[in-house]
Amino acid sequence: MLPPPSAEPTFSRPVRILILTAALALTGGMVGAVLGAIVSILALGPVEAALMPGFIGFGAYFGAIIGAILAPLTGWLLLRRVPLGLAVGGTTVGTLAGAVMGLIVGGGNGSVMFAIVGFVGSAVLLRLTASRARERTVTFSPNP
């Protein structure tokens, strides 16, 4: 007699890694596209941005590519122990803060580099704070 089918599909470890990497790339691409469009609008101003939708599209396209590359890379290298929502939210805020700082300092020319620095800086900060939080966590075992 065959065992009853499981409600949850089971995948091998390499397949799970591939699925997670693709999901991270997709999430990073979507968030990067939104941030790229936002920064393009901020760089131009809302009136000029309405007249140049191609510029906003290019910002979204470029942000999607950068996000799709950086999200899985930092997810596997730095953010493995950070909760997913915190990792996505924290790096999004860091990226946007860096891009805005780049617009202020460089007038649009340095916003991409500042955004990447903000992303990486926030990922490192999340990594450090997550590891410290894990060290402070007290676990109780049922057997002394």
# chains A, B, ... in the order shown; residues from 1 in each chain; ligands from 1

call {"tool": "residues_around", "arguments": {"residues": "Ala33 (chain A)", "least_positions_apart": "2", "cutoff": "12 Å", "atoms": "only C-alpha atoms", "output": "count of residues only"}}
result
28

call {"tool": "closest_residue", "arguments": {"among": "A:Ala97, A:Leu18, A:Ile104, A:Val88", "to": "Leu70 (chain A)", "atoms": "only C-alpha atoms"}}
result
A:Val88

call {"tool": "atom_distance", "arguments": {"atom1": "CA of Leu79 (chain A)", "atom2": "CA of Ala123 (chain A)"}}
result
6.9 Å

call {"tool": "atom_distance", "arguments": {"atom1": "CA of Leu86 (chain A)", "atom2": "CA of Gly98 (chain A)"}}
result
17.7 Å

call {"tool": "closest_residue", "arguments": {"among": "A:Val112, A:Val120, A:Arg13, A:Leu126", "to": "Arg80 (chain A)", "atoms": "only C-alpha atoms"}}
result
A:Leu126

call {"tool": "atom_distance", "arguments": {"atom1": "CA of Thr21 (chain A)", "atom2": "CA of Ala71 (chain A)"}}
result
8.8 Å

call {"tool": "decode", "arguments": {"residues": "region 78-90 of chain A", "atoms": "all heavy atoms", "output": "short mmCIF file (atom, residue, chain, number, x, y, z; two decimals), in the first residue's frame"}}
result
data_model
loop_
_atom_site.label_atom_id
_atom_site.label_comp_id
_atom_site.auth_asym_id
_atom_site.auth_seq_id
_atom_site.Cartn_x
_atom_site.Cartn_y
_atom_site.Cartn_z
N LEU A 78 24.92 37.95 3.09
CA LEU A 78 24.85 38.74 4.31
C LEU A 78 23.57 38.55 5.12
O LEU A 78 23.59 38.69 6.34
CB LEU A 78 24.95 40.24 3.97
CG LEU A 78 26.29 40.73 3.43
CD1 LEU A 78 26.18 42.18 3.01
CD2 LEU A 78 27.37 40.55 4.46
N LEU A 79 22.46 38.26 4.48
CA LEU A 79 21.18 38.36 5.15
C LEU A 79 20.49 37.02 5.40
O LEU A 79 19.27 36.97 5.56
CB LEU A 79 20.24 39.27 4.32
CG LEU A 79 20.77 40.68 4.09
CD1 LEU A 79 19.85 41.45 3.16
CD2 LEU A 79 20.92 41.41 5.41
N ARG A 80 21.24 35.95 5.46
CA ARG A 80 20.63 34.63 5.63
C ARG A 80 19.90 34.49 6.96
O ARG A 80 18.93 33.77 7.07
CB ARG A 80 21.68 33.54 5.52
CG ARG A 80 22.19 33.39 4.11
CD ARG A 80 23.16 32.29 4.00
NE ARG A 80 22.47 31.02 4.14
CZ ARG A 80 23.04 29.85 3.97
NH1 ARG A 80 24.30 29.80 3.67
NH2 ARG A 80 22.35 28.75 4.12
N ARG A 81 20.38 35.15 8.00
CA ARG A 81 19.78 35.03 9.33
C ARG A 81 18.83 36.18 9.67
O ARG A 81 18.32 36.25 10.76
CB ARG A 81 20.87 34.96 10.40
CG ARG A 81 21.90 33.90 10.16
CD ARG A 81 21.37 32.56 10.60
NE ARG A 81 22.43 31.56 10.47
CZ ARG A 81 22.23 30.35 10.04
NH1 ARG A 81 21.04 29.97 9.69
NH2 ARG A 81 23.22 29.50 9.95
N VAL A 82 18.63 37.09 8.73
CA VAL A 82 17.75 38.24 8.94
C VAL A 82 16.35 37.86 8.44
O VAL A 82 16.23 37.29 7.36
CB VAL A 82 18.28 39.48 8.18
CG1 VAL A 82 17.35 40.66 8.34
CG2 VAL A 82 19.68 39.83 8.65
N PRO A 83 15.31 38.16 9.20
CA PRO A 83 13.95 37.88 8.71
C PRO A 83 13.69 38.55 7.37
O PRO A 83 14.15 39.68 7.12
CB PRO A 83 13.05 38.46 9.80
CG PRO A 83 13.90 38.48 11.03
CD PRO A 83 15.30 38.72 10.55
N LEU A 84 12.96 37.87 6.50
CA LEU A 84 12.79 38.32 5.12
C LEU A 84 12.17 39.72 5.03
O LEU A 84 12.65 40.57 4.27
CB LEU A 84 11.95 37.31 4.35
CG LEU A 84 11.77 37.57 2.86
CD1 LEU A 84 13.13 37.60 2.17
CD2 LEU A 84 10.89 36.51 2.25
N GLY A 85 11.13 39.97 5.78
CA GLY A 85 10.50 41.29 5.74
C GLY A 85 11.44 42.40 6.18
O GLY A 85 11.47 43.47 5.57
N LEU A 86 12.20 42.13 7.21
CA LEU A 86 13.18 43.11 7.68
C LEU A 86 14.28 43.31 6.66
O LEU A 86 14.73 44.45 6.44
CB LEU A 86 13.76 42.66 9.02
CG LEU A 86 14.76 43.59 9.69
CD1 LEU A 86 14.13 44.94 10.00
CD2 LEU A 86 15.31 42.95 10.96
N ALA A 87 14.71 42.25 6.01
CA ALA A 87 15.76 42.37 5.00
C ALA A 87 15.29 43.20 3.81
O ALA A 87 16.00 44.10 3.35
CB ALA A 87 16.20 40.98 4.54
N VAL A 88 14.09 42.93 3.33
CA VAL A 88 13.57 43.68 2.18
C VAL A 88 13.30 45.13 2.57
O VAL A 88 13.71 46.06 1.87
CB VAL A 88 12.29 43.01 1.62
CG1 VAL A 88 11.64 43.89 0.57
CG2 VAL A 88 12.61 41.65 1.03
N GLY A 89 12.62 45.33 3.70
CA GLY A 89 12.31 46.69 4.13
C GLY A 89 13.54 47.51 4.48
O GLY A 89 13.65 48.68 4.09
N GLY A 90 14.48 46.90 5.19
CA GLY A 90 15.69 47.61 5.59
C GLY A 90 16.56 48.01 4.42
O GLY A 90 17.05 49.14 4.36
#
